[in-house]
>>> print(open('start18.tsv').read())   # TSV, C-alpha atoms
chain	number	residue	atom	x	y	z
A	157	MET	CA	17.48	192.07	-141.48
A	158	CYS	CA	19.64	192.15	-138.36
A	159	PHE	CA	22.29	189.99	-136.80
A	160	CYS	CA	23.10	189.40	-133.14
A	161	SER	CA	25.57	191.64	-131.33
A	162	ASN	CA	26.44	192.16	-127.70
A	163	HIS	CA	27.49	195.77	-128.35
A	164	PRO	CA	24.47	198.12	-128.56
A	165	ILE	CA	26.83	200.98	-129.47
A	166	ARG	CA	27.20	199.38	-132.92
A	167	MET	CA	23.65	200.41	-133.72
A	168	SER	CA	24.60	204.08	-133.81
A	169	GLU	CA	27.75	203.23	-135.76
A	170	PHE	CA	25.66	201.30	-138.28
A	171	VAL	CA	23.15	204.15	-138.68
A	172	ILE	CA	25.94	206.66	-139.26
A	173	ASP	CA	27.75	204.34	-141.66
A	174	LEU	CA	24.58	203.56	-143.57
A	175	LEU	CA	23.70	207.25	-143.83
A	176	LEU	CA	27.15	208.06	-145.20
A	177	ALA	CA	26.95	205.18	-147.67
A	178	ILE	CA	23.55	206.30	-148.92
A	179	ALA	CA	24.65	209.91	-149.11
A	180	ILE	CA	27.75	209.08	-151.15
A	181	PHE	CA	25.77	206.82	-153.45
A	182	VAL	CA	22.97	209.25	-154.23
A	183	MET	CA	24.81	212.59	-154.20
A	184	ARG	CA	26.13	211.78	-157.68
A	185	PHE	CA	22.56	211.93	-158.96
A	186	PHE	CA	21.03	214.43	-156.55
A	187	PHE	CA	21.59	217.80	-158.28
A	188	PHE	CA	21.05	216.32	-161.74
A	189	SER	CA	17.72	214.84	-160.61
A	190	ILE	CA	16.58	218.19	-159.24
A	191	VAL	CA	17.40	220.08	-162.45
A	192	VAL	CA	15.90	217.46	-164.76
A	193	GLY	CA	12.86	216.99	-162.53
A	194	PHE	CA	12.19	220.75	-162.45
A	195	PHE	CA	12.65	221.04	-166.21
A	196	PHE	CA	10.29	218.20	-167.08
A	197	SER	CA	7.72	219.28	-164.48
A	198	PHE	CA	7.63	222.70	-166.12
A	199	LEU	CA	7.61	221.22	-169.62
A	200	ILE	CA	4.76	218.81	-168.90
A	201	PHE	CA	2.61	220.79	-166.45
A	202	GLY	CA	3.56	224.44	-167.06
A	203	ASN	CA	1.66	224.97	-170.30
A	204	PHE	CA	-1.24	222.88	-169.07
A	205	ARG	CA	-1.73	225.20	-166.09
A	206	VAL	CA	-1.67	228.19	-168.42
A	207	GLU	CA	-4.32	226.54	-170.56
A	208	ILE	CA	-6.52	225.89	-167.54
A	209	ARG	CA	-6.18	229.47	-166.27
A	210	SER	CA	-7.02	230.81	-169.73
A	211	PHE	CA	-9.90	228.40	-170.00
A	212	LEU	CA	-11.47	229.65	-166.76
A	213	PHE	CA	-11.62	233.20	-168.16
A	214	LEU	CA	-13.23	232.29	-171.44
A	215	SER	CA	-16.72	233.53	-172.08
A	216	SER	CA	-19.57	231.04	-172.08
A	217	VAL	CA	-19.54	231.14	-175.88
A	218	ASP	CA	-15.81	230.71	-176.23
A	219	ARG	CA	-15.68	228.09	-173.49
A	220	ALA	CA	-17.22	225.42	-175.72
A	221	ALA	CA	-14.67	226.11	-178.44
A	222	GLY	CA	-11.95	226.14	-175.83
A	223	SER	CA	-13.20	222.78	-174.55
A	224	VAL	CA	-12.94	221.27	-178.03
A	225	MET	CA	-9.45	222.73	-178.45
A	226	LEU	CA	-8.34	221.48	-175.06
A	227	GLY	CA	-9.75	218.06	-175.88
A	228	SER	CA	-7.83	218.02	-179.14
A	229	ILE	CA	-4.65	219.00	-177.34
A	230	THR	CA	-5.24	216.24	-174.80
A	231	MET	CA	-5.75	213.66	-177.55
A	232	PHE	CA	-2.64	214.92	-179.33
A	233	ARG	CA	-0.62	214.56	-176.13
A	234	ARG	CA	-1.97	211.05	-175.59
A	235	ARG	CA	-0.91	210.11	-179.11
A	236	GLN	CA	2.48	211.66	-178.47
A	237	SER	CA	2.71	209.70	-175.24
A	238	HIS	CA	1.78	206.46	-177.03
A	239	ASN	CA	4.32	207.10	-179.78
A	240	HIS	CA	6.92	207.98	-177.16
A	241	GLU	CA	6.27	204.68	-175.37
A	242	GLU	CA	6.68	202.78	-178.65
A	243	ASN	CA	9.91	204.62	-179.45
A	244	ASP	CA	11.13	204.11	-175.89
A	245	SER	CA	10.45	200.37	-176.18
A	246	LEU	CA	12.40	200.20	-179.45
A	247	GLN	CA	15.28	202.15	-177.95
A	248	ARG	CA	15.41	199.85	-174.94
A	249	GLY	CA	15.41	196.82	-177.19
A	250	ALA	CA	18.31	198.32	-179.12
A	251	LYS	CA	20.20	198.94	-175.86
A	252	VAL	CA	19.68	195.32	-174.80
A	253	SER	CA	21.04	194.11	-178.15
A	254	GLU	CA	23.98	196.48	-177.84
A	255	LEU	CA	24.78	195.22	-174.34
A	256	ARG	CA	24.54	191.60	-175.43
A	257	ALA	CA	26.94	192.27	-178.31
A	258	ALA	CA	29.32	194.08	-175.95
A	259	LEU	CA	29.37	191.11	-173.57
A	260	GLY	CA	30.54	188.81	-176.35
A	261	PRO	CA	29.97	185.06	-176.52
A	262	LEU	CA	28.56	183.52	-173.33
A	263	SER	CA	28.11	179.91	-172.39
A	264	GLY	CA	26.80	177.69	-169.61
A	265	ARG	CA	25.21	179.35	-166.62
A	266	SER	CA	26.33	182.82	-167.71
A	267	LEU	CA	24.36	182.46	-170.94
A	268	GLN	CA	21.35	181.17	-169.02
A	269	TYR	CA	21.58	184.01	-166.51
A	270	CYS	CA	21.81	186.78	-169.12
A	271	THR	CA	18.23	186.84	-170.36
A	272	ASP	CA	16.87	189.97	-172.03
A	273	ALA	CA	15.02	190.79	-168.80
A	274	CYS	CA	18.28	190.43	-166.87
A	275	LEU	CA	20.15	192.75	-169.23
A	276	MET	CA	17.35	195.26	-168.98
A	277	ARG	CA	17.62	195.33	-165.17
A	278	TYR	CA	21.34	196.07	-165.33
A	279	LEU	CA	20.77	198.78	-167.92
A	280	GLU	CA	18.06	200.30	-165.74
A	281	ALA	CA	20.40	200.25	-162.75
A	282	ARG	CA	23.01	202.16	-164.75
A	283	ASN	CA	20.65	204.65	-166.41
A	284	TRP	CA	20.86	202.77	-169.71
A	285	ASN	CA	24.57	203.37	-170.08
A	286	VAL	CA	25.77	200.27	-171.93
A	287	ASP	CA	29.41	200.50	-170.83
A	288	LYS	CA	28.50	200.86	-167.15
A	289	ALA	CA	25.88	198.13	-167.36
A	290	LYS	CA	28.43	195.82	-169.03
A	291	LYS	CA	30.96	196.41	-166.28
A	292	MET	CA	28.35	195.80	-163.58
A	293	LEU	CA	27.06	192.62	-165.21
A	294	GLU	CA	30.57	191.25	-165.74
A	295	GLU	CA	31.30	191.77	-162.04
A	296	THR	CA	28.12	189.86	-161.20
A	297	LEU	CA	29.07	186.98	-163.50
A	298	LYS	CA	32.47	186.78	-161.75
A	299	TRP	CA	30.78	186.85	-158.35
A	300	ARG	CA	28.28	184.14	-159.30
A	301	ALA	CA	31.07	181.96	-160.70
A	302	THR	CA	32.87	182.20	-157.35
A	303	TYR	CA	30.04	182.40	-154.81
A	304	LYS	CA	27.79	179.98	-156.77
A	305	PRO	CA	24.47	181.14	-155.24
A	306	GLU	CA	22.49	178.69	-157.38
A	307	GLU	CA	24.33	175.80	-155.72
A	308	ILE	CA	23.41	176.71	-152.13
A	309	ARG	CA	20.99	174.15	-150.74
A	310	TRP	CA	18.55	174.50	-147.87
A	311	HIS	CA	20.17	171.87	-145.67
A	312	GLU	CA	23.34	174.01	-145.69
A	313	VAL	CA	21.58	177.06	-144.21
A	314	ALA	CA	18.54	175.51	-142.49
A	315	HIS	CA	19.92	176.16	-139.01
A	316	GLU	CA	19.88	179.89	-139.80
A	317	GLY	CA	16.14	179.75	-140.41
A	318	GLU	CA	15.01	177.87	-137.32
A	319	THR	CA	13.30	180.93	-135.83
A	320	GLY	CA	11.88	182.15	-139.14
A	321	LYS	CA	13.95	185.34	-139.14
A	322	VAL	CA	13.72	185.30	-142.96
A	323	SER	CA	11.22	183.24	-144.91
A	324	ARG	CA	9.38	183.27	-148.22
A	325	ALA	CA	5.67	183.87	-147.75
A	326	ASP	CA	3.17	181.42	-149.20
A	327	PHE	CA	1.38	184.31	-150.91
A	328	HIS	CA	2.25	186.95	-153.52
A	329	ASP	CA	1.41	190.64	-153.54
A	330	ARG	CA	-1.26	192.05	-155.84
A	331	LEU	CA	1.20	192.28	-158.74
A	332	GLY	CA	2.31	188.67	-158.45
A	333	ARG	CA	5.62	189.46	-156.76
A	334	THR	CA	7.23	187.04	-154.32
A	335	VAL	CA	7.14	188.25	-150.72
A	336	LEU	CA	10.07	187.82	-148.34
A	337	ILE	CA	9.16	188.21	-144.67
A	338	MET	CA	11.98	189.32	-142.38
A	339	ARG	CA	11.88	189.40	-138.58
A	340	PRO	CA	15.00	191.11	-137.17
A	341	GLY	CA	13.81	190.39	-133.64
A	342	MET	CA	14.06	186.63	-134.32
A	343	GLN	CA	17.82	186.67	-134.94
A	344	ASN	CA	19.34	183.43	-133.65
A	345	THR	CA	22.96	183.19	-134.87
A	346	THR	CA	26.13	185.26	-134.96
A	347	SER	CA	27.98	184.01	-138.06
A	348	ALA	CA	28.05	186.82	-140.63
A	349	GLU	CA	29.01	184.45	-143.46
A	350	ASN	CA	26.18	182.03	-142.74
A	351	ASN	CA	23.64	184.83	-142.33
A	352	ILE	CA	24.60	186.23	-145.71
A	353	ARG	CA	24.43	182.79	-147.38
A	354	HIS	CA	21.01	182.25	-145.83
A	355	LEU	CA	19.75	185.57	-147.21
A	356	VAL	CA	21.28	184.96	-150.65
A	357	TYR	CA	19.68	181.51	-150.74
A	358	LEU	CA	16.23	182.97	-150.02
A	359	ILE	CA	16.66	185.77	-152.57
A	360	GLU	CA	17.51	183.16	-155.21
A	361	ASN	CA	14.54	181.09	-154.06
A	362	SER	CA	12.25	184.12	-154.30
A	363	ILE	CA	13.43	184.77	-157.84
A	364	LEU	CA	12.79	181.13	-158.70
A	365	ASN	CA	9.19	181.55	-157.51
A	366	LEU	CA	8.41	184.78	-159.33
A	367	ARG	CA	5.41	184.58	-161.59
A	368	GLU	CA	5.98	184.69	-165.33
A	369	GLY	CA	6.85	188.17	-166.56
A	370	GLN	CA	7.65	189.45	-163.08
A	371	GLU	CA	11.22	190.45	-162.19
A	372	GLN	CA	10.84	192.00	-158.74
A	373	MET	CA	9.99	190.95	-155.19
A	374	SER	CA	8.53	192.61	-152.12
A	375	TRP	CA	10.07	192.69	-148.65
A	376	LEU	CA	7.94	192.78	-145.51
A	377	ILE	CA	10.15	193.53	-142.50
A	378	ASP	CA	8.43	192.96	-139.16
A	379	PHE	CA	10.18	194.76	-136.29
A	380	THR	CA	8.18	193.05	-133.55
A	381	GLY	CA	10.61	192.05	-130.79
A	382	TRP	CA	13.46	194.07	-132.26
A	383	SER	CA	15.93	195.71	-129.86
A	384	LEU	CA	19.32	197.42	-129.93
A	385	ASN	CA	20.91	194.07	-129.08
A	386	THR	CA	19.79	192.59	-132.40
A	387	ASN	CA	21.66	194.66	-134.93
A	388	VAL	CA	24.01	194.05	-137.82
A	389	PRO	CA	27.76	194.75	-137.54
A	390	VAL	CA	28.96	197.45	-139.93
A	391	LYS	CA	31.15	195.10	-141.99
A	392	THR	CA	28.31	192.61	-142.43
A	393	ALA	CA	25.96	195.43	-143.40
A	394	ARG	CA	28.42	196.60	-146.04
A	395	ASP	CA	28.74	193.07	-147.45
A	396	ILE	CA	24.96	192.70	-147.65
A	397	ILE	CA	24.48	196.12	-149.25
A	398	ASN	CA	27.24	195.35	-151.76
A	399	ILE	CA	25.65	192.05	-152.78
A	400	LEU	CA	22.13	193.43	-153.06
A	401	GLN	CA	23.16	196.63	-154.83
A	402	ASN	CA	25.69	195.19	-157.26
A	403	HIS	CA	24.41	191.68	-157.97
A	404	TYR	CA	20.62	191.92	-157.63
A	405	PRO	CA	19.84	195.29	-159.26
A	406	GLU	CA	16.20	196.29	-159.71
A	407	ARG	CA	15.01	193.18	-157.88
A	408	LEU	CA	13.40	194.99	-154.95
A	409	ALA	CA	10.05	196.51	-155.84
A	410	ILE	CA	8.96	197.64	-152.40
A	411	CYS	CA	10.18	197.35	-148.82
A	412	ILE	CA	7.60	197.61	-146.03
A	413	LEU	CA	8.90	198.43	-142.57
A	414	TYR	CA	6.18	197.11	-140.27
A	415	ASN	CA	6.03	198.67	-136.80
A	416	PRO	CA	9.62	199.99	-136.82
A	417	PRO	CA	11.02	202.13	-133.95
A	418	ARG	CA	10.01	205.77	-134.33
A	419	ILE	CA	13.66	206.76	-134.57
A	420	PHE	CA	13.69	205.07	-137.99
A	421	VAL	CA	11.04	207.50	-139.22
A	422	ALA	CA	13.07	210.49	-138.05
A	423	PHE	CA	16.16	209.04	-139.73
A	424	TRP	CA	14.23	208.46	-142.95
A	425	LYS	CA	12.94	212.03	-143.02
A	426	VAL	CA	16.56	213.15	-143.26
A	427	VAL	CA	17.68	210.51	-145.75
A	428	LYS	CA	14.74	211.03	-148.13
A	429	TYR	CA	16.13	214.38	-149.27
A	430	PHE	CA	19.13	212.55	-150.73
A	431	LEU	CA	17.06	209.96	-152.59
A	432	ASP	CA	15.42	210.10	-155.96
A	433	PRO	CA	11.60	209.71	-155.83
A	434	LYS	CA	11.73	206.23	-157.36
A	435	THR	CA	13.92	204.92	-154.54
A	436	PHE	CA	11.98	206.83	-151.90
A	437	GLN	CA	8.68	205.30	-153.03
A	438	LYS	CA	10.05	201.80	-152.49
A	439	VAL	CA	10.11	202.21	-148.71
A	440	LYS	CA	6.85	202.30	-146.73
A	441	PHE	CA	6.47	202.76	-142.97
A	442	VAL	CA	3.47	200.86	-141.65
A	443	TYR	CA	2.11	200.87	-138.10
A	444	PRO	CA	-0.68	198.75	-136.56
A	445	LYS	CA	-4.03	200.47	-135.91
A	446	ASN	CA	-3.12	203.30	-138.26
A	447	LYS	CA	-5.73	203.93	-140.97
A	448	GLU	CA	-3.23	205.15	-143.55
A	449	SER	CA	-1.03	202.14	-142.88
A	450	LEU	CA	-3.96	199.76	-143.32
A	451	GLU	CA	-4.76	201.38	-146.67
A	452	VAL	CA	-1.15	200.91	-147.77
A	453	MET	CA	-1.30	197.21	-146.92
A	454	LYS	CA	-4.65	196.77	-148.66
A	455	SER	CA	-3.32	198.44	-151.80
A	456	LEU	CA	-0.38	196.03	-151.94
A	457	PHE	CA	-1.84	192.78	-150.67
A	458	ASP	CA	-5.06	190.82	-150.79
A	459	VAL	CA	-6.31	190.93	-147.18
A	460	GLU	CA	-7.62	187.37	-147.57
A	461	ASN	CA	-4.02	186.16	-147.98
A	462	LEU	CA	-2.32	188.67	-145.70
A	463	PRO	CA	-1.64	187.36	-142.16
A	464	GLY	CA	-3.66	188.88	-139.31
A	465	GLU	CA	-0.54	190.30	-137.66
A	466	PHE	CA	-0.16	192.54	-140.72
A	467	GLY	CA	-3.80	193.60	-140.84
A	468	GLY	CA	-5.10	190.75	-143.00
A	469	LYS	CA	-7.44	187.83	-142.40
A	470	ALA	CA	-5.08	184.88	-142.83
A	471	THR	CA	-3.16	183.03	-140.12
A	472	LEU	CA	0.62	182.92	-140.17
A	473	LYS	CA	2.72	180.68	-137.96
A	474	TYR	CA	6.23	179.80	-139.03
A	475	ASP	CA	6.70	176.02	-139.07
A	476	HIS	CA	10.37	175.29	-139.64
A	477	GLU	CA	9.84	171.67	-140.59
A	478	GLU	CA	7.11	172.48	-143.10
A	479	PHE	CA	9.10	175.36	-144.54
A	480	SER	CA	12.12	173.06	-144.86
A	481	ARG	CA	10.07	170.57	-146.88
A	482	MET	CA	9.02	173.38	-149.22
A	483	MET	CA	12.62	174.54	-149.62
A	484	ALA	CA	13.83	171.00	-150.29
A	485	GLU	CA	11.27	170.69	-153.09
A	486	ASP	CA	12.41	174.02	-154.51
A	487	ASP	CA	16.02	172.82	-154.39
A	488	VAL	CA	15.02	170.14	-156.87
A	489	LYS	CA	13.49	172.81	-159.13
A	490	THR	CA	16.64	174.91	-158.82
A	491	ALA	CA	18.90	172.00	-159.77
A	492	SER	CA	16.66	171.20	-162.74
A	493	TYR	CA	16.56	174.81	-163.90
A	494	TRP	CA	20.35	175.23	-163.81
A	495	GLY	CA	21.03	171.75	-165.17
A	496	LEU	CA	22.83	170.57	-162.02
A	497	ASP	CA	23.14	167.04	-160.74
A	498	SER	CA	20.61	166.82	-157.95
A	499	LYS	CA	20.50	164.60	-154.90
A	500	PRO	CA	17.23	165.70	-153.31
A	501	CYS	CA	16.91	165.42	-149.57
A	502	HIS	CA	14.35	164.05	-147.17
A	503	VAL	CA	13.77	166.66	-144.48
A	504	THR	CA	13.41	165.76	-140.83
A	505	ASN	CA	12.97	168.52	-138.24
A	506	GLY	CA	14.32	171.07	-140.69
A	507	TYR	CA	17.44	169.08	-141.63
A	508	SER	CA	18.04	166.56	-144.35
A	509	GLY	CA	19.24	163.17	-145.36
A	510	ALA	CA	19.88	161.79	-148.86
A	511	GLU	CA	16.87	160.31	-150.58
A	512	THR	CA	16.17	159.98	-154.29
A	513	MET	CA	13.26	161.97	-155.65
A	514	PRO	CA	12.06	162.65	-159.21
A	515	LEU	CA	13.03	165.99	-160.74
A	516	ALA	CA	10.39	168.70	-160.92
A	517	PRO	CA	9.83	170.66	-164.16
A	518	PRO	CA	12.17	173.62	-164.73
A	519	ALA	CA	11.08	176.92	-163.18
A	520	SER	CA	9.57	179.38	-165.61
>>> encode(input="start18.tsv", output="structure tokens")
Amino acid sequence: MCFCSNHPIRMSEFVIDLLLAIAIFVMRFFFFSIVVGFFFSFLIFGNFRVEIRSFLFLSSVDRAAGSVMLGSITMFRRRQSHNHEENDSLQRGAKVSELRAALGPLSGRSLQYCTDACLMRYLEARNWNVDKAKKMLEETLKWRATYKPEEIRWHEVAHEGETGKVSRADFHDRLGRTVLIMRPGMQNTTSAENNIRHLVYLIENSILNLREGQEQMSWLIDFTGWSLNTNVPVKTARDIINILQNHYPERLAICILYNPPRIFVAFWKVVKYFLDPKTFQKVKFVYPKNKESLEVMKSLFDVENLPGEFGGKATLKYDHEEFSRMMAEDDVKTASYWGLDSKPCHVTNGYSGAETMPLAPPAS
């Protein structure tokens, strides 16, 4: 997502700053990941390769016996894997309980926010270190108590969305994840604070609309119409990165960069060496009329729901008034979910006026 600027030089400053930020963030894990990755690759695949090589040299008589033995080993490993998954699940449950006990008594919105799934995301973000996860979660609770993201209403940020620069899609991906569509080339305002509130509002809205059992969302960033004049100031970028990284951990499942400038690909080829594979796999570069790109989109989305501009068969045209009606309805759900007094709004041309409406059922 990008914000307006009359200084193209800031683009290079942003790229450099972002690269440094990423480098600093991941260097702490880089060498450890290499050592551990090499060790486990050898542990898991090393002996298997030896078995295969030995198997190829067995005589026709011994090969049958070797096949039975190899099958037994495979079944044993599968059982080990199953047992490991069960033990891992128990250990994670114990970590969640430990973190909840460490947090102490919670009440109100903090109690409602700290579900088991929430605690698990913070533990995952801190490599299951309870102390670090506790510190991170406590910082989030402080931020939410001050920023109050659940109290932001569409009519407060509607003007930011007039061009559809960020919107929630009316379809999910194949795994039932909410899809946020971002169009940096449609940037229409210059207020950093309002842009951030608009993004936070839509992230909260996307979470509200996640299907049951799903904790993550997908981002589809369309670079059509993007130019060096539509870029984010460094300070704003830092604020956004801080909010996303510290207060919405493990919420982003995948980020698709659709038709980005080629310079982004070159930049990514450098950055990827500083990222762990899990993070690297979250970012996909997709280009129109590219067979590999089309396969990526088909693997993630149902082409019947995917808009034609992204290689699907559906039609997508952002209607600000219609989208505003949908957001106003979701505001009622949000108020009901958080137990807030709600004064739903009647939307006209994307803006609102007070009008009483019945409350919708709480979001699941």
>>> residues_around(input="start18.tsv", residues="A:Ala281", least_positions_apart="2", cutoff="12 Å", atoms="only C-alpha atoms", output="PDB file with C-alpha atoms, in the coordinates of the input")
ATOM      1  CA  CYS A 274      18.280 190.430-166.870  1.00  0.00           C
ATOM      2  CA  LEU A 275      20.150 192.750-169.230  1.00  0.00           C
ATOM      3  CA  MET A 276      17.350 195.260-168.980  1.00  0.00           C
ATOM      4  CA  ARG A 277      17.620 195.330-165.170  1.00  0.00           C
ATOM      5  CA  TYR A 278      21.340 196.070-165.330  1.00  0.00           C
ATOM      6  CA  LEU A 279      20.770 198.780-167.920  1.00  0.00           C
ATOM      7  CA  ASN A 283      20.650 204.650-166.410  1.00  0.00           C
ATOM      8  CA  TRP A 284      20.860 202.770-169.710  1.00  0.00           C
ATOM      9  CA  ASN A 285      24.570 203.370-170.080  1.00  0.00           C
ATOM     10  CA  VAL A 286      25.770 200.270-171.930  1.00  0.00           C
ATOM     11  CA  LYS A 288      28.500 200.860-167.150  1.00  0.00           C
ATOM     12  CA  ALA A 289      25.880 198.130-167.360  1.00  0.00           C
ATOM     13  CA  LYS A 290      28.430 195.820-169.030  1.00  0.00           C
ATOM     14  CA  LYS A 291      30.960 196.410-166.280  1.00  0.00           C
ATOM     15  CA  MET A 292      28.350 195.800-163.580  1.00  0.00           C
ATOM     16  CA  LEU A 293      27.060 192.620-165.210  1.00  0.00           C
ATOM     17  CA  LEU A 400      22.130 193.430-153.060  1.00  0.00           C
ATOM     18  CA  GLN A 401      23.160 196.630-154.830  1.00  0.00           C
ATOM     19  CA  ASN A 402      25.690 195.190-157.260  1.00  0.00           C
ATOM     20  CA  HIS A 403      24.410 191.680-157.970  1.00  0.00           C
ATOM     21  CA  TYR A 404      20.620 191.920-157.630  1.00  0.00           C
ATOM     22  CA  PRO A 405      19.840 195.290-159.260  1.00  0.00           C
ATOM     23  CA  GLU A 406      16.200 196.290-159.710  1.00  0.00           C
ATOM     24  CA  ARG A 407      15.010 193.180-157.880  1.00  0.00           C
ATOM     25  CA  LEU A 408      13.400 194.990-154.950  1.00  0.00           C
ATOM     26  CA  LYS A 434      11.730 206.230-157.360  1.00  0.00           C
ATOM     27  CA  THR A 435      13.920 204.920-154.540  1.00  0.00           C
TER      28      THR A 435
END
>>> closest_residue(input="start18.tsv", among="A:Asp272, A:Arg481, A:Asn350, A:Val313", to="A:Ala250", atoms="all atoms listed in the file")
A:Asp272
>>> residues_around(input="start18.tsv", residues="A:Gln370", least_positions_apart="3", cutoff="8 Å", atoms="all atoms listed in the file", output="short mmCIF file (atom, residue, chain, number, x, y, z; two decimals) with C-alpha atoms, in the frame of the given file")
data_model
loop_
_atom_site.label_atom_id
_atom_site.label_comp_id
_atom_site.auth_asym_id
_atom_site.auth_seq_id
_atom_site.Cartn_x
_atom_site.Cartn_y
_atom_site.Cartn_z
CA GLY A 332 2.31 188.67 -158.45
CA ARG A 333 5.62 189.46 -156.76
CA LEU A 366 8.41 184.78 -159.33
CA ARG A 367 5.41 184.58 -161.59
#
>>> axis_aligned_box(input="start18.tsv", around="stretch 314-330 of chain A", padding_each_side="4 Å", output="JSON")
{"center_x": 9.3, "center_y": 183.8, "center_z": -145.8, "size_x": 29.2, "size_y": 24.5, "size_z": 28.0}
>>> residues_near_point(input="start18.tsv", point="(21.2, 179.4, -169.9)", cutoff="12 Å", atoms="only C-alpha atoms", output="ChimeraX atom specification")
/A:262-272,274,492-496,518
>>> residues_around(input="start18.tsv", residues="stretch 455-472 of chain A", least_positions_apart="3", cutoff="7 Å", atoms="all atoms listed in the file", output="MDAnalysis selection string")
chainID A and resid 327 329:330 450:452
>>> atom_distance(input="start18.tsv", atom1="atom CA of A:Lys489", atom2="atom CA of A:Leu364")
8.4 Å
>>> atom_distance(input="start18.tsv", atom1="atom CA of A:Thr345", atom2="atom CA of A:Asn361")
21.1 Å
>>> closest_residue(input="start18.tsv", among="A:Ser362, A:Glu280, A:Lys473, A:Val439", to="A:Val427", atoms="all atoms listed in the file")
A:Val439
>>> residues_around(input="start18.tsv", residues="stretch 375-378 of chain A", least_positions_apart="6", cutoff="7 Å", atoms="all atoms listed in the file", output="PyMOL selection string")
chain A and resi 335-339+410-415
>>> atom_distance(input="start18.tsv", atom1="atom CA of A:Met482", atom2="atom CA of A:Met453")
26.1 Å
>>> residues_near_point(input="start18.tsv", point="(20.4, 184.2, -137.6)", cutoff="7 Å", atoms="only C-alpha atoms", output="PyMOL selection string")
chain A and resi 159+316-317+321+343-346+351
>>> closest_residue(input="start18.tsv", among="A:Val426, A:Ile308, A:Leu255, A:Ala314", to="A:Arg282", atoms="all atoms listed in the file")
A:Leu255
>>> closest_residue(input="start18.tsv", among="A:Thr296, A:Lys391, A:Leu355, A:Asp287", to="A:Glu254", atoms="all atoms listed in the file")
A:Asp287
>>> closest_residue(input="start18.tsv", among="A:Phe420, A:Tyr357, A:Phe430, A:Tyr303", to="A:Met483", atoms="only C-alpha atoms")
A:Tyr357
>>> closest_residue(input="start18.tsv", among="A:Ser347, A:Glu360, A:Val252, A:Asp326", to="A:Glu307", atoms="only C-alpha atoms")
A:Glu360
